[in-house]
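Before any comments, here is the structure.
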Amino acid sequence: MTRLSPPAPPMHNRPATPPPRPAGRVIPAMLITISLAYLTLFLFLPLITVFTEALRKGFATYAAAYSDPAALAAIRLTLLVAAIAVPLNLVFGLCAAWAIAKFEFRGKRLLITLIDIPLAVSPVISGMIYVLLYGGNSLLGARLLDADIQIIFAVPGIVLATIFVTLPFVARETIPLMEAQGIEEEQAAMTLGAGPFQTFFRVTLPNVKWAVLYGVILCNARAMGEFGAVSVVSGHIRGKTNTLPLHVEILYNEYNFVAAFAMASLLTLLALMTLLLKSIVEHRSRHAAPDPVTRIPTLVTATPEPQT
Amino acid sequence: MSIEVHHVSKHFGTYTALHDVCLTVPTGQLVALLGPSGSGKTTLLRIIAGLEPADPAPHPEGAIYFHSRDVAGINARDRQVGFVFQHYALFRHMTVFENIAFGLRVRRRRDRPSRSEIRSRVQELLELVQLEGLAQRFPNQLSGGQRQRVALARALAGEPKVLLLDEPFGALDAKVRKELRTWLRNLQKDLHVTTLFVTHDQDEALEVADQIVVMNHGRIEQIGTPDQVFHHPASEFVMRFLGDVNTFHGRVNRGTVQFSSLELPFPHERQQIAGEARVFVRPYDVTIDTKSNGLPCLEARVVRIHSAGPLVRVELVTSTQQHLISEISQERFATMQLEPESRVFVRPRHIRVFASEPEVQNPPTAEATTHSAN
Amino acid sequence: MRKRTSHTAARLPGFTLTIGFTIAYLSAVVLLPLSMLFMRAAGLGPAGFWEVVTTPRVVAAYKLSFGAAFAAAGINTIFGAVIAWCLVRYSFPGRRIVDAMVDLPFALPTAVSGIALATLYSPHGWIGQLLAPLGVKAAYSRLGIAIALVFIGIPFVVRTLQPALEDLDPTIEEAAASLGASRAQTLRRVILPMVMPSLLTGFTLAFARALGEYGSVVFISGNMPMKTEIVPLLIIAQLEQYQYEAAAAIGLTMLGCSILILLSINFLQWRASRFGRTQ
């Protein structure tokens, strides 16, 4: 039934997997049980809770949550923010990757570290720095308000904070792979008469497309789901400056649990879709590039990859 | 301590890695397991070490004995064998000293030597493998040959009664390899530890081993001294694997063997070969003459000559369009004044005949020396 | 170094354009806003700064944030190691799904995990109601904060340890066994030291993430000053009272910690690369 031992070694001399240990049946079963119990307690149960709470009062109540104009406004704003932040960070990520991966220059390590900063700082700080810069009590913010331009507690602030927190994703997924590809293919394309843009779009981009796509998926998920940073700059004006995660918070704090979890279930489906896409992209990229060097790095590391 | 392998088989899924293998390694001998990749030699070594289980009793007498003691139920940890891995498997987070001391430090408390005993034992081993002064280095700070010797010292630290080496020189460059194998042979003779090593390099096996076990497709083809396996190969496979060979298709018929345009006497009191057969001649057993001396011979034409080397290698084509290689001494080459397109007479001095059907277990074999050769 | 710069730059086009855009974008989006943290905190002067960051409420928040983040990262290191080991070494039904789901805390918006955990561990929730009779108050307590931080930290240790375990040469373990080491000795003396840099990196990443976490904690913590108020919450409280300088000062100390952690991770990875690989 349950196969606890690794698969049989392949036919060549040195098996790729460790040989099954005759004594070890109990220990694997125990470790797997511990793992599953831990993940159930901290991962699976919270996930299930979202859907059971959302459907607690039946499907009609669940559906009703979506007819609230404030909910629809929140969904629209969330899509708008992602539609601005993701393309901008895609362009940034590709530019940064080209400069960092294909050229040698002083201060490269520093630049990579700077790109990583948004991943390292608390979301609250990410939001706060925009309040400090553009808020009504700052020099710049006061000037802008005089010119009738409001950034904080308005949509532009939300967009800016989202751009900040999602800035690293495309760049850091693309840079290691582009570095691994070297510059020979581009040089070959140039000697064959390709222009700079032809070289980039026909040679460089196809080689890193899975990494870029992967970065975009992560960037989008974070853009739509960011809570802390957006919460600081939004001002929580219902129907106007509420993104979906902020709307969830408001509904929850109003004890409107079914509606809160209904909105949350939408975000959860987005997250599950992201994981699915990630698995597909990982599978595809491994298929396209079996070489471990060009394997797409996992999304976890918040620091620069060690340079070989 | 002797090693006895009785009727051991091993399958990986549907693939047969070992088929009913029997083998005895006498105490203190240095034995080579020789074969191409996929012949099962490494699998056999790993089963002896306890790193891989053999198939559960396909044969009622299937077992492995160390000095008449059945070790089937004993795992690798307790078999007390020294195993040197192909890529050394050194612990990269430990120094050379710590690597060598590992086997002593993990012993159960009552068997564990004291700190100072361990230190002196490691020192002794470092001297043995000529790595004094490198004790505090990490494995990635060593050359390939040095790593190999650390792996050997580590395996010897526990004074194993059996030493097993998997392609011990496989990862080294040619020059270091030659030096190390002579050194290993001398070391083995000094320590008198029963040693079994895997190799796919016939020169290595022929030079180092007391006994050679030639393996192919999970079976043992022949066991013998280097001299026996080289000069008296038991099968076509052994013949082909241990050096270059010229092959002819022929027939055995009433005391003679016919191949190409030759018919040689073939006494077959002991052999059951009849009909289709294959005839093998080593290149150095092909003599060349510029004129016929009346003995049975083949007419041939010289195609190419490689004279750079201890022997001159002559490529020939016979009048029946058979390609043939001959190796002759430099002196003989000089007296003959051969050049491409020369017409020559070729005579096999020593032939070996094997029955023609391929894939036969232990095909009946025979050898014959043409009457004029000696 | 410099020669190589001009050499490669001459070969491929677009360096000036892309580096220019990169630096301009980073300056506008990251550097300029971040510099405000220094400017505003500087407005307090050294004495004022010190006073703000040492008030009892702030110190209590630091203690809580560091303590809870440390505890959560520690728990995740132990269980993350077990999970990574299972995922790499054993095959069991649903392994691929479990493997994919480990990333959920990343992909799930923190507000969602926050309300889900608060509901689950509240006295009426599935787990909360089991804990309540035992006198354990999970939600709206320090324990609740740790629970939320455990949730968001799960992927870090698992994902940093997985590749390290996959890269382990199986013959290393066989070598240890043939030298007489037991499974426990092999684990402690061979495997653990070899994956220790990855384990520490995973711990540090989980710790760094937990230190700044806001969304998933805010719903379950109860947010009582001096009791269950973490640093990010405290910053928001200061902002809501228009205490911008104080918020900037507290934020700056947090940023300092984050940068220290970043540096220590770089150090760990440098150490990990020191041994290299024996072939």
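Residue numbering restarts at 1 in every chain; chains get A, B, ... in the order shown in the structure tokens, and ligands count up from 1 in that same order.
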Worksheet item: Just asking: which residues within stretch 45-284 of chain A are alpha helix (DSSP H) according to DSSP, as a PyMOL selection string?
Response: chain A and resi 45-54+58-64+69-102+108-120+123-134+139-146+155-166+168-181+184-191+196-199+205-225+228-234+244-253+257-284
Item to complete: Identify every residue of chain B that has at least one atom within 10 Å of any atom of chain A, counting only C-alpha atoms, and report the result as a PyMOL selection string.
Response: chain B and resi 11-17+37-43+46+51-53+75+86
For the contact check between chain C and chain A, emit one row per residue of chain C within 7 Å, containing the shortest atom pair and the distance in Å rounded to one decimal, counting only C-alpha atoms, chain then rising number order, as a tab-separated table.
residue	atom	partner	partner_atom	distance
C:Thr5	CA	A:Glu104	CA	5.2
C:Thr8	CA	A:Phe103	CA	6.3
C:Ala9	CA	A:Phe103	CA	6.3
C:Pro13	CA	A:Pro196	CA	6.3
C:Phe15	CA	A:Ala99	CA	5.7
C:Thr18	CA	A:Cys95	CA	4.8
C:Ile19	CA	A:Ala99	CA	5.5
C:Thr22	CA	A:Ala96	CA	5.4
C:Val29	CA	A:Phe164	CA	6.0
C:Val30	CA	A:Phe164	CA	6.7
C:Pro33	CA	A:Ile129	CA	5.1
C:Leu34	CA	A:Ile129	CA	5.8
C:Met36	CA	A:Leu133	CA	6.2
C:Leu37	CA	A:Ile129	CA	6.3
C:Phe79	CA	A:Ser35	CA	6.9
C:Val82	CA	A:Ser35	CA	6.4
C:Ile83	CA	A:Ser35	CA	5.1
C:Cys86	CA	A:Ile32	CA	6.0
C:Arg89	CA	A:Pro6	CA	6.6
C:Tyr90	CA	A:Pro6	CA	5.6
C:Ser91	CA	A:Leu4	CA	5.7
C:Phe92	CA	A:Arg3	CA	5.9
C:Pro93	CA	A:Thr2	CA	6.9
C:Ala100	CA	A:Leu275	CA	6.7
C:Ala107	CA	A:Ala271	CA	4.9
C:Leu108	CA	A:Ala271	CA	5.1
C:Pro109	CA	A:Gly225	CA	4.4
C:Thr110	CA	A:Phe227	CA	6.5
C:Ala111	CA	A:Pro245	CA	5.9
C:Val112	CA	A:Ala264	CA	5.4
C:Ser113	CA	A:Pro46	CA	7.0
C:Ala116	CA	A:Pro46	CA	5.2
C:Leu117	CA	A:Pro46	CA	5.8
C:Leu120	CA	A:Pro46	CA	6.6
C:Phe151	CA	A:Phe42	CA	5.6
C:Phe156	CA	A:Val300	CA	6.0
C:Arg159	CA	A:Val300	CA	6.6
C:Pro170	CA	A:Pro18	CA	5.2
C:Gly212	CA	A:Ser122	CA	4.0
C:Glu213	CA	A:Ser122	CA	6.2
C:Tyr214	CA	A:Gly228	CA	6.0
C:Gly215	CA	A:Gly228	CA	5.6
C:Pro232	CA	A:Val124	CA	5.9
C:Gly251	CA	A:Ile125	CA	6.1
C:Leu255	CA	A:Val121	CA	6.3
C:Ser258	CA	A:Ala120	CA	6.0
C:Leu262	CA	A:Thr303	CA	6.8
C:Gln269	CA	A:Pro306	CA	6.5
Discussion item. Using only C-alpha atoms, I'd like every residue of chain B that has an atom within 7 Å of chain C; please write them out as a PyMOL selection string.
Written reply: chain B and resi 51+76-78+81-83+87+89-93+103+106-107+139-140+155
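Coordinates place atom CA of B:Glu124 at a distance of 27.1 Å from atom CA of C:Arg188.
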Long-range neighbours of stretch 180-187 of chain B as a JSON list (two decimals) with N, CA and C atoms, in the first residue's frame, 10 Å cut-off, only C-alpha atoms, 2 positions minimum in chain:
[["chain", "number", "residue", "atom", "x", "y", "z"],
["B", 30, "LEU", "N", 44.96, -10.44, -3.74],
["B", 30, "LEU", "CA", 44.49, -9.22, -4.39],
["B", 30, "LEU", "C", 43.77, -9.65, -5.67],
["B", 128, "LEU", "N", 51.61, 5.93, 6.30],
["B", 128, "LEU", "CA", 51.44, 4.79, 5.39],
["B", 128, "LEU", "C", 51.06, 5.27, 4.00],
["B", 129, "VAL", "N", 50.12, 6.23, 3.92],
["B", 129, "VAL", "CA", 49.67, 6.69, 2.61],
["B", 129, "VAL", "C", 50.46, 7.95, 2.17],
["B", 145, "GLY", "N", 44.76, 12.32, -6.52],
["B", 145, "GLY", "CA", 45.53, 11.21, -5.99],
["B", 145, "GLY", "C", 45.62, 11.25, -4.47],
["B", 148, "GLN", "N", 42.33, 10.10, -3.04],
["B", 148, "GLN", "CA", 42.24, 8.66, -3.15],
["B", 148, "GLN", "C", 42.95, 7.99, -1.99],
["B", 149, "ARG", "N", 44.11, 8.53, -1.64],
["B", 149, "ARG", "CA", 44.87, 7.93, -0.55],
["B", 149, "ARG", "C", 44.23, 8.20, 0.81],
["B", 152, "LEU", "N", 41.59, 5.68, 1.15],
["B", 152, "LEU", "CA", 42.17, 4.38, 1.47],
["B", 152, "LEU", "C", 42.55, 4.32, 2.95],
["B", 168, "PRO", "N", 39.20, 2.02, -8.09],
["B", 168, "PRO", "CA", 40.02, 2.88, -7.23],
["B", 168, "PRO", "C", 40.81, 3.94, -8.01],
["B", 169, "PHE", "N", 41.09, 3.67, -9.27],
["B", 169, "PHE", "CA", 41.91, 4.64, -10.01],
["B", 169, "PHE", "C", 41.11, 5.30, -11.13],
["B", 172, "LEU", "N", 41.30, 9.19, -11.82],
["B", 172, "LEU", "CA", 42.62, 9.83, -11.82],
["B", 172, "LEU", "C", 43.17, 9.90, -13.24],
["B", 175, "LYS", "N", 48.86, 9.22, -15.61],
["B", 175, "LYS", "CA", 50.18, 9.10, -14.99],
["B", 175, "LYS", "C", 50.05, 8.73, -13.50],
["B", 176, "VAL", "N", 49.19, 9.48, -12.79],
["B", 176, "VAL", "CA", 48.97, 9.23, -11.36],
["B", 176, "VAL", "C", 48.45, 7.81, -11.17],
["B", 177, "ARG", "N", 47.58, 7.40, -12.08],
["B", 177, "ARG", "CA", 46.98, 6.08, -12.00],
["B", 177, "ARG", "C", 48.05, 4.98, -12.00],
["B", 178, "LYS", "N", 49.02, 5.12, -12.90],
["B", 178, "LYS", "CA", 50.07, 4.09, -12.99],
["B", 178, "LYS", "C", 50.91, 4.05, -11.73],
["B", 189, "LYS", "N", 50.41, -6.07, -0.34],
["B", 189, "LYS", "CA", 51.27, -7.20, 0.01],
["B", 189, "LYS", "C", 51.84, -7.04, 1.42],
["B", 190, "ASP", "N", 52.17, -5.79, 1.79],
["B", 190, "ASP", "CA", 52.68, -5.53, 3.14],
["B", 190, "ASP", "C", 51.62, -5.81, 4.20],
["B", 191, "LEU", "N", 50.40, -5.33, 3.94],
["B", 191, "LEU", "CA", 49.35, -5.44, 4.94],
["B", 191, "LEU", "C", 48.71, -6.82, 4.95],
["B", 192, "HIS", "N", 48.83, -7.54, 3.82],
["B", 192, "HIS", "CA", 48.29, -8.87, 3.69],
["B", 192, "HIS", "C", 46.79, -8.91, 3.97],
["B", 193, "VAL", "N", 46.08, -7.88, 3.50],
["B", 193, "VAL", "CA", 44.64, -7.85, 3.72],
["B", 193, "VAL", "C", 43.96, -8.34, 2.43],
["B", 195, "THR", "N", 41.90, -8.43, -0.56],
["B", 195, "THR", "CA", 41.45, -7.24, -1.28],
["B", 195, "THR", "C", 40.77, -7.61, -2.58],
["B", 204, "GLU", "N", 45.19, -2.57, -15.94],
["B", 204, "GLU", "CA", 45.24, -2.41, -14.50],
["B", 204, "GLU", "C", 45.09, -3.78, -13.82],
["B", 205, "ALA", "N", 44.09, -4.54, -14.26],
["B", 205, "ALA", "CA", 43.83, -5.84, -13.66],
["B", 205, "ALA", "C", 45.02, -6.77, -13.89],
["B", 207, "GLU", "N", 48.12, -6.09, -14.43],
["B", 207, "GLU", "CA", 49.34, -5.67, -13.77],
["B", 207, "GLU", "C", 49.30, -5.88, -12.26],
["B", 208, "VAL", "N", 48.14, -5.62, -11.66],
["B", 208, "VAL", "CA", 48.07, -5.56, -10.20],
["B", 208, "VAL", "C", 47.63, -6.87, -9.55],
["B", 209, "ALA", "N", 46.66, -7.55, -10.15],
["B", 209, "ALA", "CA", 45.95, -8.61, -9.43],
["B", 209, "ALA", "C", 46.69, -9.93, -9.36],
["B", 210, "ASP", "N", 46.41, -10.70, -8.29],
["B", 210, "ASP", "CA", 46.85, -12.09, -8.21],
["B", 210, "ASP", "C", 45.91, -12.96, -9.03]]
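Closest approach to B:Leu44 among B:Gly28, B:Glu117, B:Phe241, B:Leu196 is made by B:Leu196 (distances from only C-alpha atoms).
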Item to complete: Could you jot down the atom CA of B:Phe248 to atom CA of B:Leu298 separation for me, Å, one decimal place?
Response: 12.5 Å
